[in-house]
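J.: Got a file for you: my_file-v5.txt, compact mmCIF, C-alpha atoms.
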# COMPACT_ATOMS: atom_id res chain seq x y z
CA MET A 1 10.09 -3.38 -16.95
CA GLY A 2 13.05 -1.45 -15.59
CA LEU A 3 13.21 0.46 -12.34
CA GLU A 4 12.88 3.78 -14.21
CA ALA A 5 9.40 2.88 -15.49
CA TYR A 6 8.11 2.41 -11.93
CA LEU A 7 9.80 5.62 -10.74
CA PHE A 8 8.29 7.64 -13.62
CA LEU A 9 4.85 6.21 -12.88
CA ALA A 10 5.16 6.97 -9.16
CA ALA A 11 6.37 10.52 -9.94
CA THR A 12 3.30 11.07 -12.13
CA VAL A 13 0.90 9.84 -9.44
CA PHE A 14 2.70 12.00 -6.85
CA ALA A 15 2.34 15.10 -9.05
CA ILE A 16 -1.38 14.36 -9.58
CA GLY A 17 -1.81 14.02 -5.81
CA LEU A 18 -0.03 17.34 -5.25
CA PHE A 19 -2.34 18.96 -7.80
CA GLY A 20 -5.32 17.61 -5.86
CA VAL A 21 -3.99 18.89 -2.53
CA MET A 22 -3.39 22.35 -4.00
CA THR A 23 -6.66 22.77 -5.86
CA ARG A 24 -9.36 21.05 -3.78
CA ARG A 25 -11.53 23.27 -1.60
CA ASN A 26 -13.02 20.45 0.46
CA THR A 27 -10.87 19.08 3.31
CA VAL A 28 -11.89 15.51 2.44
CA GLY A 29 -10.75 16.16 -1.14
CA ILE A 30 -7.39 17.39 0.15
CA LEU A 31 -7.09 14.22 2.23
CA LEU A 32 -7.70 12.12 -0.91
CA GLY A 33 -4.83 13.97 -2.64
CA VAL A 34 -2.54 13.16 0.30
CA GLU A 35 -3.56 9.50 -0.04
CA LEU A 36 -2.47 9.51 -3.70
CA MET A 37 0.91 11.01 -2.77
CA LEU A 38 1.50 8.43 -0.02
CA ASN A 39 0.54 5.71 -2.47
CA ALA A 40 3.12 6.96 -4.98
CA VAL A 41 5.81 6.84 -2.31
CA ASN A 42 4.86 3.24 -1.49
CA ILE A 43 5.26 2.27 -5.17
CA ASN A 44 8.76 3.78 -5.11
CA LEU A 45 9.70 1.91 -1.93
CA VAL A 46 8.53 -1.46 -3.26
CA ALA A 47 10.17 -0.89 -6.67
CA PHE A 48 13.54 -0.01 -5.11
CA SER A 49 13.22 -2.95 -2.73
CA ARG A 50 12.59 -5.35 -5.62
CA PHE A 51 15.38 -4.03 -7.84
CA GLN A 52 17.95 -3.95 -5.02
CA GLY A 53 17.03 -7.49 -3.97
CA ASP A 54 16.46 -6.33 -0.38
CA THR A 55 13.18 -6.76 1.53
CA LEU A 56 13.82 -3.73 3.79
CA GLY A 57 11.81 -1.44 1.51
CA MET A 58 8.81 -3.79 1.68
CA VAL A 59 8.96 -3.81 5.49
CA PHE A 60 9.01 -0.01 5.40
CA THR A 61 5.99 -0.01 3.07
CA LEU A 62 4.13 -2.24 5.50
CA PHE A 63 4.70 0.31 8.27
CA ALA A 64 3.82 3.21 5.95
CA ILE A 65 0.47 1.61 5.03
CA ALA A 66 -0.44 1.02 8.68
CA ILE A 67 0.50 4.59 9.67
CA THR A 68 -1.58 5.94 6.77
CA VAL A 69 -4.62 4.10 8.10
CA ALA A 70 -4.13 5.77 11.50
CA GLU A 71 -3.66 9.13 9.78
CA VAL A 72 -6.90 8.77 7.82
CA ALA A 73 -8.86 7.84 10.94
CA VAL A 74 -7.60 10.88 12.87
CA GLY A 75 -7.91 13.19 9.85
CA LEU A 76 -11.54 12.25 9.22
CA ALA A 77 -12.38 12.54 12.93
CA LEU A 78 -10.99 16.09 12.76
CA VAL A 79 -13.07 16.80 9.65
CA ILE A 80 -16.24 15.64 11.46
CA LEU A 81 -15.32 17.74 14.51
CA ILE A 82 -14.73 20.83 12.36
CA PHE A 83 -18.05 20.15 10.65
CA ARG A 84 -19.89 20.07 13.97
CA THR A 85 -18.46 23.34 15.24
CA ARG A 86 -18.10 25.38 12.03
CA ARG A 87 -20.71 23.80 9.73
CA THR A 88 -18.24 23.76 6.83
CA ALA A 89 -15.68 21.46 5.26
CA MET A 90 -14.09 24.09 3.02
CA ALA A 91 -10.44 24.64 3.88
CA ASP A 92 -10.75 28.33 2.87
CA HIS A 93 -13.40 28.96 5.54
CA LEU A 94 -11.18 27.70 8.35
CA ASP A 95 -9.39 30.99 8.95
CA LEU A 96 -9.80 31.43 12.71
CA LEU A 97 -6.06 32.01 13.08
CA LYS A 98 -5.99 34.72 10.41
CA GLY A 99 -4.78 38.05 11.83
CA MET B 1 6.15 -7.67 -25.80
CA THR B 2 6.03 -9.97 -22.84
CA ALA B 3 3.10 -10.34 -20.47
CA ASP B 4 4.93 -8.25 -17.83
CA VAL B 5 5.21 -5.22 -20.10
CA VAL B 6 1.56 -5.43 -21.14
CA ALA B 7 0.46 -5.75 -17.51
CA PHE B 8 2.65 -2.82 -16.46
CA TRP B 9 1.26 -0.49 -19.12
CA GLY B 10 -2.30 -1.57 -18.43
CA LEU B 11 -1.87 -0.88 -14.72
CA ALA B 12 -0.07 2.40 -15.44
CA VAL B 13 -2.95 3.66 -17.58
CA LEU B 14 -5.47 2.51 -14.96
CA LEU B 15 -3.52 4.16 -12.12
CA VAL B 16 -2.89 7.51 -13.83
CA GLY B 17 -6.43 7.65 -15.22
CA SER B 18 -8.11 6.95 -11.89
CA ALA B 19 -5.71 9.31 -10.06
CA LEU B 20 -6.66 12.10 -12.48
CA ALA B 21 -10.33 11.29 -11.94
CA VAL B 22 -9.81 11.56 -8.14
CA VAL B 23 -8.53 15.14 -8.41
CA LEU B 24 -10.79 16.30 -11.27
CA THR B 25 -14.27 14.85 -10.73
CA ARG B 26 -16.86 17.18 -9.21
CA ASN B 27 -18.61 14.57 -7.08
CA LEU B 28 -16.88 13.80 -3.77
CA PHE B 29 -18.37 10.31 -3.63
CA HIS B 30 -17.10 9.47 -7.13
CA SER B 31 -13.70 10.83 -6.08
CA VAL B 32 -13.49 8.25 -3.30
CA LEU B 33 -14.55 5.42 -5.62
CA TRP B 34 -11.87 6.43 -8.15
CA LEU B 35 -9.37 6.45 -5.29
CA ALA B 36 -10.39 2.87 -4.48
CA LEU B 37 -9.66 1.94 -8.10
CA ALA B 38 -6.26 3.69 -7.99
CA LEU B 39 -5.36 1.85 -4.77
CA THR B 40 -6.38 -1.48 -6.31
CA GLY B 41 -4.23 -0.67 -9.36
CA THR B 42 -1.32 -0.10 -7.00
CA ALA B 43 -1.95 -3.54 -5.50
CA GLY B 44 -1.59 -4.89 -9.04
CA LEU B 45 1.76 -3.12 -9.37
CA PHE B 46 2.87 -4.74 -6.10
CA LEU B 47 1.96 -8.12 -7.61
CA LEU B 48 4.10 -7.30 -10.66
CA LEU B 49 6.96 -6.47 -8.27
CA GLU B 50 6.50 -9.89 -6.64
CA ALA B 51 5.35 -8.43 -3.32
CA GLU B 52 2.23 -10.59 -2.97
CA PHE B 53 1.81 -10.00 0.76
CA LEU B 54 1.94 -6.23 0.30
CA ALA B 55 -0.63 -6.47 -2.48
CA ALA B 56 -2.98 -8.30 -0.09
CA VAL B 57 -2.33 -5.73 2.67
CA GLN B 58 -2.94 -2.92 0.18
CA VAL B 59 -6.31 -4.30 -0.85
CA LEU B 60 -7.43 -5.14 2.70
CA LEU B 61 -6.25 -2.05 4.57
CA TYR B 62 -6.18 0.64 1.91
CA ALA B 63 -8.80 -0.16 -0.68
CA GLY B 64 -10.98 -1.84 1.93
CA GLY B 65 -10.41 0.03 5.19
CA VAL B 66 -9.51 3.56 4.19
CA VAL B 67 -12.15 3.86 1.47
CA THR B 68 -14.86 2.52 3.80
CA VAL B 69 -13.90 5.03 6.49
CA VAL B 70 -13.91 7.93 4.02
CA VAL B 71 -17.34 6.90 2.67
CA PHE B 72 -18.67 6.77 6.24
CA ALA B 73 -17.25 10.23 6.96
CA ILE B 74 -18.92 11.68 3.86
CA VAL B 75 -22.28 10.12 4.71
CA VAL B 76 -22.08 11.36 8.33
CA THR B 77 -21.07 14.91 7.39
CA GLU B 78 -23.74 15.12 4.69
CA ARG B 79 -26.34 14.10 7.26
CA LEU B 80 -25.00 16.76 9.65
CA VAL B 81 -25.42 19.55 7.09
CA GLY B 82 -28.43 18.06 5.37
CA GLU B 83 -27.11 18.92 1.89
CA ARG B 84 -24.65 17.62 -0.68
CA LEU B 85 -21.05 18.53 -0.04
CA SER B 86 -19.65 20.73 -2.77
CA HIS B 87 -16.43 19.44 -4.26
CA THR B 88 -14.97 22.11 -6.50
CA SER B 89 -11.43 23.19 -7.28
CA ARG B 90 -9.69 26.55 -7.02
CA SER B 91 -6.44 28.04 -8.39
CA VAL B 92 -6.26 25.26 -10.99
CA PRO B 93 -3.60 26.96 -13.20
CA LEU B 94 -1.28 27.50 -10.22
CA GLY B 95 -1.74 23.90 -9.08
CA ALA B 96 -1.15 22.56 -12.59
CA ILE B 97 2.04 24.63 -12.99
CA THR B 98 3.40 23.47 -9.62
CA ALA B 99 2.53 19.82 -10.30
CA PHE B 100 4.07 19.91 -13.79
CA GLY B 101 7.17 21.66 -12.45
CA LEU B 102 7.60 19.01 -9.78
CA LEU B 103 7.00 16.23 -12.31
CA ALA B 104 9.56 17.71 -14.72
CA GLY B 105 12.15 18.01 -11.94
CA LEU B 106 11.53 14.42 -10.82
CA VAL B 107 11.71 13.06 -14.40
CA VAL B 108 14.99 14.88 -15.08
CA SER B 109 16.57 13.62 -11.87
CA ILE B 110 15.32 10.04 -12.38
CA ALA B 111 16.64 10.05 -15.98
CA GLY B 112 20.04 11.27 -14.78
CA ALA B 113 20.34 8.98 -11.76
CA PRO B 114 22.61 5.90 -11.81
CA LEU B 115 19.98 3.23 -11.15
CA ALA B 116 20.37 -0.44 -10.40
CA GLY B 117 20.31 -2.83 -13.36
CA PRO B 118 17.80 -5.64 -13.96
CA ALA B 119 16.08 -7.04 -10.90
CA PRO B 120 18.02 -9.79 -9.14
CA ALA B 121 16.30 -13.12 -8.60
CA MET B 122 14.35 -13.22 -5.34
CA PRO B 123 12.89 -16.19 -3.47
CA ASP B 124 9.50 -17.29 -4.79
CA ASP B 125 7.55 -16.18 -1.73
CA LEU B 126 8.84 -13.20 0.25
CA THR B 127 6.15 -13.41 2.94
CA PRO B 128 8.17 -15.57 5.41
CA GLU B 129 11.12 -13.23 5.00
CA LEU B 130 8.93 -10.19 5.67
CA GLY B 131 7.42 -11.81 8.75
CA TYR B 132 10.87 -12.75 10.02
CA ALA B 133 12.18 -9.19 9.50
CA VAL B 134 9.16 -7.60 11.22
CA LEU B 135 9.41 -9.82 14.31
CA THR B 136 13.21 -9.78 14.75
CA ARG B 137 15.15 -6.80 13.44
CA HIS B 138 12.19 -4.40 13.29
CA VAL B 139 10.28 -5.62 16.33
CA LEU B 140 10.53 -2.26 18.16
CA PRO B 141 8.92 -0.18 15.39
CA PHE B 142 6.36 -2.98 15.03
CA GLU B 143 5.35 -2.73 18.69
CA LEU B 144 5.39 1.08 18.54
CA LEU B 145 3.08 0.83 15.53
CA GLY B 146 0.60 -1.09 17.68
CA VAL B 147 0.69 1.69 20.28
CA LEU B 148 0.29 4.32 17.54
CA LEU B 149 -2.76 2.58 16.09
CA LEU B 150 -4.35 2.30 19.55
CA VAL B 151 -3.69 5.97 20.36
CA ALA B 152 -4.88 7.15 16.92
CA LEU B 153 -8.12 5.17 17.13
CA LEU B 154 -8.83 6.27 20.71
CA GLY B 155 -8.17 9.86 19.64
CA ALA B 156 -10.46 9.49 16.64
CA ILE B 157 -13.25 8.07 18.82
CA TYR B 158 -12.75 10.90 21.32
CA PHE B 159 -12.95 13.56 18.60
CA ALA B 160 -15.99 12.06 16.91
CA ARG B 161 -17.91 11.17 20.11
CA PRO B 162 -21.57 12.04 20.23
CA GLU B 163 -22.31 15.53 21.47
CA ASP B 164 -23.50 15.60 25.08
What is this file in structure tokens?
T.:
Amino acid sequence: MGLEAYLFLAATVFAIGLFGVMTRRNTVGILLGVELMLNAVNINLVAFSRFQGDTLGMVFTLFAIAITVAEVAVGLALVILIFRTRRTAMADHLDLLKG
Amino acid sequence: MTADVVAFWGLAVLLVGSALAVVLTRNLFHSVLWLALALTGTAGLFLLLEAEFLAAVQVLLYAGGVVTVVVFAIVVTERLVGERLSHTSRSVPLGAITAFGLLAGLVVSIAGAPLAGPAPAMPDDLTPELGYAVLTRHVLPFELLGVLLLVALLGAIYFARPED
């Protein structure tokens, strides 16, 4: 398969993830959409790395995966904290800063 | 058709199908399980791209670690409220239009981009090369990553500590 095939596939997954981020009401659901988008970017990085014959993209992917794990841990801790104080996980209900 | 093409299309269908299920299903728990499937499909793509080490990392950290943590978070929050979390969608038409617009833009620019030709031959096993790169040229980001993970996990524990 050519490089284009991987890029088209990653673009599709990225668009699906964006759809999830925009439409989900639940903060955990939004986080899952972000995961899909990050995953699509990783596919792109590895595909470019393979087709350029350079391992730099794979090293970058390694870092991206590790940072995503940290992001998920902090994001879910925030969700639990919001749950404790506001008794909701709906992003629409978190409007304390609304004027 | 060679085995590579068949494997690519199989994984592509699996990945797109499970990604759609993640954003469309009405059960939050099922959403997470579909995400695990999508992440495993991505590991398969990494195998096709001859990045075996990344495929292993993907399965261990992503499909294993992230999904477990999300499942824990759902169970904990459901116990806190004592009811099922609702998992509905809003402004679906707007989201669909934006996503399709972005996809169309990306497809047009990918189709028009001057991309590299067929993949050059790479060494059989890239893992030693990756390890060498991480511990020589990229050793500073590698060490910073360790600090980041420590800080992020301490912060997460602090946020989610038991109420006193």
J.: Work out how far CA of Val71 in chain B is from CA of Phe29 in chain B, in Å to one decimal.
T.: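 According to the coordinates, CA of Phe29 in chain B and CA of Val71 in chain B are separated by 7.2 Å.
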J.: Distance limit 6 Å, atoms considered: all atoms listed in the file. Which chain B residues sit that close to chain A? Return them as JSON, numbers by chain.
T.: {"B": [23, 87, 89, 90, 91, 92, 95, 99, 103, 119, 120, 149, 152, 156, 159, 160]}
J.: Separation of CA of Arg137 in chain B and CA of Glu50 in chain B, in Å?
T.: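 Atom-to-atom, CA of Arg137 in chain B to CA of Glu50 in chain B, that is 22.1 Å.
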J.: Would you work out the distance separating CA of Leu45 in chain A from CA of Phe46 in chain B, expressed in Å to one decimal?
T.: 10.4 Å
J.: Name the residues in contact with Ala12 in chain B at a cut-off of 9 Å, using only C-alpha atoms, excluding same-chain residues fewer than 3 positions from it; report them as a ChimeraX atom specification.
T.: /A:6,9 /B:7-9,15-17,41-42,45
J.: Quick one: of B:Gly105, B:Gly146, B:Pro162, B:Pro123, who's nearest to Ala51 in chain B, counting all atoms listed in the file?
T.: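 For Ala51 in chain B, the nearest of the candidates is B:Pro123.
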J.: Around all the atoms of range 114-126 of chain B listed in the file, draw an axis-aligned box and extend it by 3 Å on each of the six sides; I want its centre and edge lengths in Å to one decimal, as AutoDock Vina command-line options.
T.:
--center_x 15.1 --center_y -5.7 --center_z -6.9 --size_x 21.1 --size_y 29.2 --size_z 20.2
